[in-house]
Each structure stands twice: as C-alpha cells, then as structure tokens.
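> Quick one: structure below, then a few questions.
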Amino acid sequence: MIVILKPQAEQVKIDSLLEQIRAKGVSIHYSQGETETIVGLVGDTTHVDEDWLRANEIVDDIRRVSEPYKLANRRFHPEDTHITVAGRTIGEGRFSVIAGPCSVENEEQIICVANAVKASGAAFLRGGAFKPRTSPYSFQGLEGEGLRLLKIARKETGLPIVTEIMSENQLDDFADVDIIQVGARNMQNFRLLKELGHSKKPILLKRGLSSTMEELFMSAEYILAGGNDNVILCERGIRTFEKMIRNNLDISAVPIIKAKSHLPVIIDPSHAAGIAWMVEPLAKTAVAAGADGLMIEVHNDPAHALCDGAQSLKPKQFDHLMKDIKRRVAFEGKILEGQ
Ligand code: PEP
Ligand code: MN
C-alpha cells in the first residue's frame, strides 16, 4: 500500500502518522521528494484500514499494490484448492454437477427429481428449504420439513445435499447438510459468514447480485479467516442494464477466479438465464471457460413449481444437456464427478 501525503504536511503530524502505522506491525519506506512525500507500507497490510488512513488530514491519496484478500489469494496459495465431501470432489480435475429444484415442495417431488438427476449424472442434489424471496407473500420454503425431505432423498439416492442457509441461528439445523449454500442476497451477511468460518462445512458462496469480484473474494476471506478452508465460489449472474436476461452471466468470473484465487468455481446458469431455454448454452460455456462444475435447477413439473419454474429444466431436458456436458468435460480432460 502506498500513501501519498499532502504537500506542506507538518513534520510533527507526519511523525505521528508513521508511528501509528508502525504500531500496526508494518514497516515503512519513506520517501520525501520535491513535490510529494510518499509512504510505502511494507508487510501484511491486512489490518491497515484504508478509511482510517483517508480520514487523516495529511493524507492526499492511497494506492493499493496488493489485493486486500490474502487467504483467498492465489499469490499466497499457488496450488488449486479442492474440496472433498461425502466422497465427492469439487476441483482437482473433476467436474461436479449439482442439480435439483429451486425449492423442496413435497416428498414425491424431491424424490422424483433426485432420482432423475442422479440417473443423468448429477453428483449432488440441490433444493431450497429456506427461501430468500423478494416478496414476503411468495412461498418461503418448507423450512425444517424441507431439510427432512432432502435427507430422505439423499438416503434414497446417495446424492450429497446442497441447501441454502439464511441465518447463523440455523447452523445446528444444518449440521447434517453436506454443502451449505450462501445465497446471492446473503453474500455480505458478515455475521453469517463469520459463523460459517467457525464451522468445517463446505460452503458454496454465491456472488451477490451487484457484487464485484473483489467483494466476492472478501466475503470468502471472512469464512477462510475463521478457519474454514472449504469454500467454493459460485457465479450466478449479475444485474446489469440488460432486460432480456434475468442476470448477465459473467463468464469472465471463471478466468478471473482461476487467476486471482485458488478456490474452486461453480457456474449457476439457471439464476442467470431466468428462462429454461437459455440454460443449456450458458452451461456449455461454463465447461469451456474452465469452471469446476455447474448448479442447475431441475423440476419434474416446472409449470407448477412454487419457485423459479420458468428457469427450471424438465428431467428430460436435463438429461439431454448432461449427455452434451459429458462430452465437453471429457474434451477438457476432466472427469465427471460421481460417474
Ligand atoms: C437459489 O439457488 O435458489 C437462489 C436463491 O440463488 P441466488 O442466491 O443465486 O439467487
Ligand atoms: Mn432458484
């Protein structure tokens, strides 16, 4: 981090600032030029708050030379992270498909979809029990009953389950969930992220609706900083001016994550597309871009789904897509997990 001081800053104020910075455990490279005084902060600047520096009257500008996320950063962790859960691996040359309905609706529905996605090659079953809905009048999920039904579907199919948590108060109820999803709306629920950091559960962290990549990495950093290394990132589309798609799938998130971080990345084309016919082309791009997997919404009767029916694939459409995905995964030299 480089701090540029205002011209004519009083020496006594400079000395005081340097002392306060040193007290944070970083060393200082001080350079006084004819027109500018520059202070280089050398070492771990994680605990040096930019806002705190900007609030100092003698500070003119600040430039970061390294990223504020350390644990999520590939620079300090060059090897790819892979996450093994219930005998299945995300990352490490494997391509994992998570599929299932947006919401668990009843036993018949979740068992039917679980059997279908398993037969088509999914490695994990998804299904929301607690749903973050824009309207308080929309279906909010079956809650505890939804978790119970998911576990029945897991027992029936052997597929590990992925489901969304909404609050840190639910952690006990999620003790038996294989992968805990943090939804886009909760990506910056910092109290929740901190508590998830104290658990050892794999966390699927979805990118917020209008979040930058750096904000996504910083949210991952919260979980990693708590001691939980099992973080999977998920790109699910971001909000832009475009109205012809629910959310623009930011496929560039994949190479950015691969370059900047060591964490695995899953693409969710369903919440990006918002409409079923667009899921297939977006899913294909995920394989080519180098993602570690996909998360796809599948419903046995999309027309009557209680949530996200328009973007849900019918089991037959999912099966058709998976046949194509299998070929593409093999072409990339990867193994389709669970097959
Ligand atoms: C979901 O996965 O059903 C969901 C609500 O996703 P997102 O948080 O990406 O909107
Ligand atoms: Mn959904």
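FYI, nothing fancy with the structure tokens labels: chains A, B, ... in order, residues from 1 per chain, ligands from 1 as they appear.
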Within 6 Å of ligand 1 (counting only C-alpha atoms and all ligand atoms), which residues show up? I'd like them as a PyMOL selection string.

chain A and resi 102+183-185+206+236+271

> May I have the selected residues written with C-alpha atoms, as a compact mmCIF listing (two decimals), in the first residue's frame?


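Saved result, selection36.txt, follows:
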```
# COMPACT_ATOMS: atom_id res chain seq x y z
CA CYS A 102 -35.21 -24.40 -6.60
CA GLY A 183 -27.23 -17.19 -1.48
CA ALA A 184 -26.54 -14.06 -3.51
CA ARG A 185 -28.61 -11.95 -1.12
CA LYS A 206 -22.79 -17.26 -4.39
CA ARG A 236 -24.83 -16.87 -10.84
CA HIS A 271 -30.36 -17.96 -11.98
```

> Got a sec: who's within 9 Å of A:Ser27, counting only C-alpha atoms, leaving out chain neighbours fewer than 3 positions off, as JSON, numbers by chain?

{"A": [21, 22, 24, 40, 41, 42, 43]}

> Taking N, CA, C and O atoms for each residue, export the selection above as a PDB file, in the first residue's frame.


```pdb
ATOM      1  N   ILE A  21       1.177   3.916  12.068  1.00  0.00           N
ATOM      2  CA  ILE A  21       1.224   2.854  11.063  1.00  0.00           C
ATOM      3  C   ILE A  21       2.156   1.734  11.536  1.00  0.00           C
ATOM      4  O   ILE A  21       1.804   0.549  11.458  1.00  0.00           O
ATOM      5  N   ARG A  22       3.319   2.125  12.062  1.00  0.00           N
ATOM      6  CA  ARG A  22       4.280   1.111  12.549  1.00  0.00           C
ATOM      7  C   ARG A  22       3.658   0.271  13.651  1.00  0.00           C
ATOM      8  O   ARG A  22       3.897  -0.926  13.746  1.00  0.00           O
ATOM      9  N   LYS A  24       0.902  -0.881  13.782  1.00  0.00           N
ATOM     10  CA  LYS A  24       0.044  -1.930  13.208  1.00  0.00           C
ATOM     11  C   LYS A  24       0.857  -3.092  12.653  1.00  0.00           C
ATOM     12  O   LYS A  24       0.327  -3.992  11.994  1.00  0.00           O
ATOM     13  N   GLY A  40       5.550   4.164   1.720  1.00  0.00           N
ATOM     14  CA  GLY A  40       5.249   2.791   1.277  1.00  0.00           C
ATOM     15  C   GLY A  40       5.082   1.900   2.492  1.00  0.00           C
ATOM     16  O   GLY A  40       5.932   1.901   3.384  1.00  0.00           O
ATOM     17  N   LEU A  41       3.972   1.180   2.547  1.00  0.00           N
ATOM     18  CA  LEU A  41       3.737   0.264   3.668  1.00  0.00           C
ATOM     19  C   LEU A  41       4.172  -1.122   3.237  1.00  0.00           C
ATOM     20  O   LEU A  41       3.654  -1.649   2.244  1.00  0.00           O
ATOM     21  N   VAL A  42       5.111  -1.694   3.943  1.00  0.00           N
ATOM     22  CA  VAL A  42       5.672  -2.976   3.532  1.00  0.00           C
ATOM     23  C   VAL A  42       5.307  -4.035   4.576  1.00  0.00           C
ATOM     24  O   VAL A  42       5.472  -3.807   5.767  1.00  0.00           O
ATOM     25  N   GLY A  43       4.814  -5.182   4.103  1.00  0.00           N
ATOM     26  CA  GLY A  43       4.438  -6.258   5.032  1.00  0.00           C
ATOM     27  C   GLY A  43       2.950  -6.541   4.925  1.00  0.00           C
ATOM     28  O   GLY A  43       2.310  -6.207   3.924  1.00  0.00           O
TER      29      GLY A  43
END
```

> Within 7 Å of stretch 124-134 of chain A, which residues of stretch 49-102 of chain A come that close, and what is the closest atom pair and distance in Å for each? Count only C-alpha atoms and give it as a tab-separated table.


```
residue	atom	partner	partner_atom	distance
A:Val97	CA	A:Phe124	CA	6.5
A:Ile98	CA	A:Phe124	CA	4.5
A:Ala99	CA	A:Leu125	CA	5.2
A:Gly100	CA	A:Arg126	CA	4.6
A:Pro101	CA	A:Gly127	CA	5.2
A:Cys102	CA	A:Gly127	CA	5.5
```

> Deliver the residues from the most recent selection as a file, using N, CA, C and O atoms, as a CSV table (one decimal), in the first residue's frame.


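Output file part06.csv is given in full below:
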```csv
chain,number,residue,atom,x,y,z
A,97,VAL,N,-21.6,-31.7,-11.0
A,97,VAL,CA,-22.9,-31.1,-11.4
A,97,VAL,C,-23.8,-31.2,-10.2
A,97,VAL,O,-24.0,-32.3,-9.6
A,98,ILE,N,-24.3,-30.1,-9.7
A,98,ILE,CA,-25.3,-30.0,-8.6
A,98,ILE,C,-26.6,-29.7,-9.3
A,98,ILE,O,-26.7,-28.8,-10.0
A,99,ALA,N,-27.6,-30.6,-9.0
A,99,ALA,CA,-28.9,-30.3,-9.7
A,99,ALA,C,-30.1,-30.6,-8.8
A,99,ALA,O,-29.9,-31.5,-7.9
A,100,GLY,N,-31.2,-30.0,-9.1
A,100,GLY,CA,-32.4,-30.2,-8.3
A,100,GLY,C,-33.3,-29.0,-8.3
A,100,GLY,O,-33.0,-28.0,-9.0
A,101,PRO,N,-34.4,-29.1,-7.6
A,101,PRO,CA,-35.4,-28.0,-7.7
A,101,PRO,C,-34.9,-26.7,-7.0
A,101,PRO,O,-34.1,-26.8,-6.1
A,102,CYS,N,-35.5,-25.6,-7.4
A,102,CYS,CA,-35.2,-24.4,-6.6
A,102,CYS,C,-35.6,-24.7,-5.1
A,102,CYS,O,-34.8,-24.5,-4.3
```

> Can you check which residues of stretch 19-201 of chain A DSSP gives as strand (DSSP E) on the backbone and send them as a PDB file with N, CA and C atoms, in the first residue's frame?


```
ATOM      1  N   SER A  27       6.201  -2.307   8.221  1.00  0.00           N
ATOM      2  CA  SER A  27       7.342  -1.389   8.168  1.00  0.00           C
ATOM      3  C   SER A  27       7.094  -0.339   7.086  1.00  0.00           C
ATOM      4  N   ILE A  28       7.914   0.696   7.151  1.00  0.00           N
ATOM      5  CA  ILE A  28       7.646   1.875   6.325  1.00  0.00           C
ATOM      6  C   ILE A  28       8.827   2.204   5.447  1.00  0.00           C
ATOM      7  N   HIS A  29       8.508   2.510   4.193  1.00  0.00           N
ATOM      8  CA  HIS A  29       9.537   3.025   3.286  1.00  0.00           C
ATOM      9  C   HIS A  29       9.143   4.467   2.988  1.00  0.00           C
ATOM     10  N   TYR A  30       9.934   5.395   3.496  1.00  0.00           N
ATOM     11  CA  TYR A  30       9.562   6.810   3.460  1.00  0.00           C
ATOM     12  C   TYR A  30      10.378   7.532   2.403  1.00  0.00           C
ATOM     13  N   SER A  31       9.679   8.263   1.538  1.00  0.00           N
ATOM     14  CA  SER A  31      10.431   8.965   0.504  1.00  0.00           C
ATOM     15  C   SER A  31       9.909  10.394   0.329  1.00  0.00           C
ATOM     16  N   GLN A  32      10.775  11.340   0.611  1.00  0.00           N
ATOM     17  CA  GLN A  32      10.370  12.744   0.519  1.00  0.00           C
ATOM     18  C   GLN A  32      10.942  13.348  -0.749  1.00  0.00           C
ATOM     19  N   THR A  37       5.458  13.644  -0.827  1.00  0.00           N
ATOM     20  CA  THR A  37       6.027  12.719   0.154  1.00  0.00           C
ATOM     21  C   THR A  37       5.225  11.429   0.070  1.00  0.00           C
ATOM     22  N   ILE A  38       5.959  10.338  -0.116  1.00  0.00           N
ATOM     23  CA  ILE A  38       5.305   9.047  -0.327  1.00  0.00           C
ATOM     24  C   ILE A  38       5.717   8.078   0.777  1.00  0.00           C
ATOM     25  N   VAL A  39       4.685   7.397   1.318  1.00  0.00           N
ATOM     26  CA  VAL A  39       4.961   6.423   2.372  1.00  0.00           C
ATOM     27  C   VAL A  39       4.568   5.045   1.843  1.00  0.00           C
ATOM     28  N   GLY A  40       5.550   4.164   1.720  1.00  0.00           N
ATOM     29  CA  GLY A  40       5.249   2.791   1.277  1.00  0.00           C
ATOM     30  C   GLY A  40       5.082   1.900   2.492  1.00  0.00           C
ATOM     31  N   LEU A  41       3.972   1.180   2.547  1.00  0.00           N
ATOM     32  CA  LEU A  41       3.737   0.264   3.668  1.00  0.00           C
ATOM     33  C   LEU A  41       4.172  -1.122   3.237  1.00  0.00           C
ATOM     34  N   VAL A  42       5.111  -1.694   3.943  1.00  0.00           N
ATOM     35  CA  VAL A  42       5.672  -2.976   3.532  1.00  0.00           C
ATOM     36  C   VAL A  42       5.307  -4.035   4.576  1.00  0.00           C
ATOM     37  N   VAL A  59      -3.266  13.012   4.660  1.00  0.00           N
ATOM     38  CA  VAL A  59      -3.242  12.000   3.583  1.00  0.00           C
ATOM     39  C   VAL A  59      -3.951  12.543   2.346  1.00  0.00           C
ATOM     40  N   ASP A  60      -3.239  12.491   1.223  1.00  0.00           N
ATOM     41  CA  ASP A  60      -3.813  13.000  -0.025  1.00  0.00           C
ATOM     42  C   ASP A  60      -4.458  11.877  -0.825  1.00  0.00           C
ATOM     43  N   ASP A  61      -3.770  10.731  -0.914  1.00  0.00           N
ATOM     44  CA  ASP A  61      -4.307   9.625  -1.720  1.00  0.00           C
ATOM     45  C   ASP A  61      -3.675   8.306  -1.260  1.00  0.00           C
ATOM     46  N   ILE A  62      -4.351   7.225  -1.644  1.00  0.00           N
ATOM     47  CA  ILE A  62      -3.853   5.891  -1.269  1.00  0.00           C
ATOM     48  C   ILE A  62      -3.916   4.995  -2.502  1.00  0.00           C
ATOM     49  N   ARG A  63      -2.895   4.239  -2.731  1.00  0.00           N
ATOM     50  CA  ARG A  63      -2.912   3.258  -3.836  1.00  0.00           C
ATOM     51  C   ARG A  63      -2.586   1.897  -3.253  1.00  0.00           C
ATOM     52  N   ILE A  83     -12.171 -29.603  -2.817  1.00  0.00           N
ATOM     53  CA  ILE A  83     -12.965 -29.885  -1.629  1.00  0.00           C
ATOM     54  C   ILE A  83     -13.647 -31.228  -1.789  1.00  0.00           C
ATOM     55  N   THR A  84     -13.366 -32.117  -0.838  1.00  0.00           N
ATOM     56  CA  THR A  84     -13.970 -33.441  -0.898  1.00  0.00           C
ATOM     57  C   THR A  84     -15.047 -33.529   0.165  1.00  0.00           C
ATOM     58  N   VAL A  85     -16.239 -33.905  -0.259  1.00  0.00           N
ATOM     59  CA  VAL A  85     -17.357 -34.013   0.665  1.00  0.00           C
ATOM     60  C   VAL A  85     -18.147 -35.274   0.305  1.00  0.00           C
ATOM     61  N   ARG A  88     -17.050 -37.146  -2.639  1.00  0.00           N
ATOM     62  CA  ARG A  88     -17.054 -36.495  -3.961  1.00  0.00           C
ATOM     63  C   ARG A  88     -16.196 -35.237  -3.920  1.00  0.00           C
ATOM     64  N   THR A  89     -15.486 -35.000  -5.008  1.00  0.00           N
ATOM     65  CA  THR A  89     -14.530 -33.892  -5.004  1.00  0.00           C
ATOM     66  C   THR A  89     -14.947 -32.786  -5.961  1.00  0.00           C
ATOM     67  N   ILE A  90     -14.814 -31.574  -5.485  1.00  0.00           N
ATOM     68  CA  ILE A  90     -15.028 -30.401  -6.351  1.00  0.00           C
ATOM     69  C   ILE A  90     -13.657 -29.790  -6.580  1.00  0.00           C
ATOM     70  N   ARG A  94     -11.887 -32.538 -11.602  1.00  0.00           N
ATOM     71  CA  ARG A  94     -13.228 -33.135 -11.662  1.00  0.00           C
ATOM     72  C   ARG A  94     -14.231 -32.046 -12.018  1.00  0.00           C
ATOM     73  N   PHE A  95     -15.312 -32.456 -12.629  1.00  0.00           N
ATOM     74  CA  PHE A  95     -16.394 -31.529 -12.968  1.00  0.00           C
ATOM     75  C   PHE A  95     -17.643 -32.044 -12.265  1.00  0.00           C
ATOM     76  N   SER A  96     -18.158 -31.231 -11.328  1.00  0.00           N
ATOM     77  CA  SER A  96     -19.268 -31.692 -10.489  1.00  0.00           C
ATOM     78  C   SER A  96     -20.551 -30.960 -10.841  1.00  0.00           C
ATOM     79  N   VAL A  97     -21.593 -31.714 -11.045  1.00  0.00           N
ATOM     80  CA  VAL A  97     -22.890 -31.095 -11.356  1.00  0.00           C
ATOM     81  C   VAL A  97     -23.819 -31.240 -10.153  1.00  0.00           C
ATOM     82  N   ILE A  98     -24.323 -30.094  -9.712  1.00  0.00           N
ATOM     83  CA  ILE A  98     -25.295 -30.026  -8.617  1.00  0.00           C
ATOM     84  C   ILE A  98     -26.629 -29.733  -9.289  1.00  0.00           C
ATOM     85  N   ALA A  99     -27.637 -30.561  -9.041  1.00  0.00           N
ATOM     86  CA  ALA A  99     -28.924 -30.317  -9.713  1.00  0.00           C
ATOM     87  C   ALA A  99     -30.071 -30.647  -8.787  1.00  0.00           C
ATOM     88  N   GLY A 100     -31.191 -29.999  -9.061  1.00  0.00           N
ATOM     89  CA  GLY A 100     -32.385 -30.234  -8.256  1.00  0.00           C
ATOM     90  C   GLY A 100     -33.295 -29.036  -8.335  1.00  0.00           C
ATOM     91  N   PHE A 124     -24.459 -34.100  -7.018  1.00  0.00           N
ATOM     92  CA  PHE A 124     -25.054 -33.547  -5.795  1.00  0.00           C
ATOM     93  C   PHE A 124     -26.504 -33.171  -6.079  1.00  0.00           C
ATOM     94  N   LEU A 125     -27.311 -33.227  -5.015  1.00  0.00           N
ATOM     95  CA  LEU A 125     -28.712 -32.807  -5.113  1.00  0.00           C
ATOM     96  C   LEU A 125     -28.873 -31.447  -4.440  1.00  0.00           C
ATOM     97  N   ARG A 126     -29.499 -30.495  -5.144  1.00  0.00           N
ATOM     98  CA  ARG A 126     -29.807 -29.216  -4.525  1.00  0.00           C
ATOM     99  C   ARG A 126     -31.301 -29.138  -4.233  1.00  0.00           C
ATOM    100  N   ILE A 161     -26.265 -33.535  -0.290  1.00  0.00           N
ATOM    101  CA  ILE A 161     -27.223 -32.439  -0.480  1.00  0.00           C
ATOM    102  C   ILE A 161     -26.614 -31.050  -0.270  1.00  0.00           C
ATOM    103  N   VAL A 162     -27.138 -30.112  -1.075  1.00  0.00           N
ATOM    104  CA  VAL A 162     -26.715 -28.714  -1.037  1.00  0.00           C
ATOM    105  C   VAL A 162     -27.961 -27.877  -0.780  1.00  0.00           C
ATOM    106  N   THR A 163     -27.941 -27.062   0.280  1.00  0.00           N
ATOM    107  CA  THR A 163     -29.124 -26.249   0.555  1.00  0.00           C
ATOM    108  C   THR A 163     -28.735 -24.940   1.229  1.00  0.00           C
ATOM    109  N   GLU A 164     -29.599 -23.948   1.061  1.00  0.00           N
ATOM    110  CA  GLU A 164     -29.246 -22.575   1.457  1.00  0.00           C
ATOM    111  C   GLU A 164     -29.567 -22.259   2.918  1.00  0.00           C
ATOM    112  N   ILE A 165     -28.606 -21.616   3.553  1.00  0.00           N
ATOM    113  CA  ILE A 165     -28.783 -21.138   4.933  1.00  0.00           C
ATOM    114  C   ILE A 165     -29.099 -19.640   4.862  1.00  0.00           C
ATOM    115  N   ILE A 179     -23.273 -29.653   1.820  1.00  0.00           N
ATOM    116  CA  ILE A 179     -22.700 -28.361   1.415  1.00  0.00           C
ATOM    117  C   ILE A 179     -23.721 -27.281   1.764  1.00  0.00           C
ATOM    118  N   ILE A 180     -23.286 -26.275   2.512  1.00  0.00           N
ATOM    119  CA  ILE A 180     -24.189 -25.174   2.871  1.00  0.00           C
ATOM    120  C   ILE A 180     -24.043 -24.062   1.835  1.00  0.00           C
ATOM    121  N   GLN A 181     -25.163 -23.679   1.259  1.00  0.00           N
ATOM    122  CA  GLN A 181     -25.160 -22.599   0.269  1.00  0.00           C
ATOM    123  C   GLN A 181     -25.416 -21.261   0.955  1.00  0.00           C
ATOM    124  N   VAL A 182     -24.607 -20.257   0.574  1.00  0.00           N
ATOM    125  CA  VAL A 182     -24.904 -18.880   0.977  1.00  0.00           C
ATOM    126  C   VAL A 182     -25.393 -18.198  -0.289  1.00  0.00           C
TER     127      VAL A 182
END
```

> Which of stretch 98-197 of chain A end up as helix (DSSP H, G or I) when DSSP is run on this backbone - answer as a ChimeraX atom specification?

/A:107-120,144-157,168-170,184-186,190-197

> Can you write just those residues out, C-alpha atoms, as an mmCIF file, in the first residue's frame?


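This went into part03.cif:
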```cif
data_model
loop_
_atom_site.group_PDB
_atom_site.id
_atom_site.type_symbol
_atom_site.label_atom_id
_atom_site.label_comp_id
_atom_site.auth_asym_id
_atom_site.auth_seq_id
_atom_site.Cartn_x
_atom_site.Cartn_y
_atom_site.Cartn_z
ATOM 1 C CA GLU A 107 -41.616 -35.779 -0.748
ATOM 2 C CA GLU A 108 -42.812 -37.051 -4.091
ATOM 3 C CA GLN A 109 -41.317 -34.069 -5.936
ATOM 4 C CA ILE A 110 -37.864 -34.175 -4.329
ATOM 5 C CA ILE A 111 -37.543 -37.969 -4.634
ATOM 6 C CA CYS A 112 -38.655 -37.869 -8.265
ATOM 7 C CA VAL A 113 -36.187 -35.093 -9.175
ATOM 8 C CA ALA A 114 -33.361 -36.636 -7.111
ATOM 9 C CA ASN A 115 -33.698 -39.976 -8.902
ATOM 10 C CA ALA A 116 -33.868 -38.270 -12.288
ATOM 11 C CA VAL A 117 -30.812 -36.028 -11.844
ATOM 12 C CA LYS A 118 -28.806 -38.901 -10.429
ATOM 13 C CA ALA A 119 -29.660 -41.074 -13.444
ATOM 14 C CA SER A 120 -28.496 -38.248 -15.733
ATOM 15 C CA GLY A 144 -37.331 -27.699 8.687
ATOM 16 C CA GLU A 145 -39.627 -30.078 6.829
ATOM 17 C CA GLY A 146 -37.722 -29.275 3.624
ATOM 18 C CA LEU A 147 -34.430 -30.267 5.263
ATOM 19 C CA ARG A 148 -36.031 -33.530 6.447
ATOM 20 C CA LEU A 149 -37.263 -34.351 2.927
ATOM 21 C CA LEU A 150 -33.851 -33.552 1.424
ATOM 22 C CA LYS A 151 -32.262 -36.068 3.792
ATOM 23 C CA ILE A 152 -34.807 -38.686 2.730
ATOM 24 C CA ALA A 153 -33.879 -38.001 -0.898
ATOM 25 C CA ARG A 154 -30.189 -38.322 -0.005
ATOM 26 C CA LYS A 155 -30.840 -41.674 1.634
ATOM 27 C CA GLU A 156 -32.809 -42.870 -1.364
ATOM 28 C CA THR A 157 -30.246 -41.793 -3.990
ATOM 29 C CA GLU A 168 -26.300 -18.088 11.687
ATOM 30 C CA ASN A 169 -29.075 -19.217 14.061
ATOM 31 C CA GLN A 170 -29.764 -22.151 11.718
ATOM 32 C CA ALA A 184 -26.541 -14.060 -3.512
ATOM 33 C CA ARG A 185 -28.611 -11.947 -1.124
ATOM 34 C CA ASN A 186 -26.548 -13.066 1.845
ATOM 35 C CA PHE A 190 -20.941 -10.767 7.527
ATOM 36 C CA ARG A 191 -22.203 -12.203 10.800
ATOM 37 C CA LEU A 192 -23.345 -15.323 8.941
ATOM 38 C CA LEU A 193 -20.006 -15.558 7.082
ATOM 39 C CA LYS A 194 -18.077 -15.271 10.343
ATOM 40 C CA GLU A 195 -20.076 -18.077 11.948
ATOM 41 C CA LEU A 196 -19.605 -20.271 8.866
ATOM 42 C CA GLY A 197 -15.895 -19.617 9.268
#
```
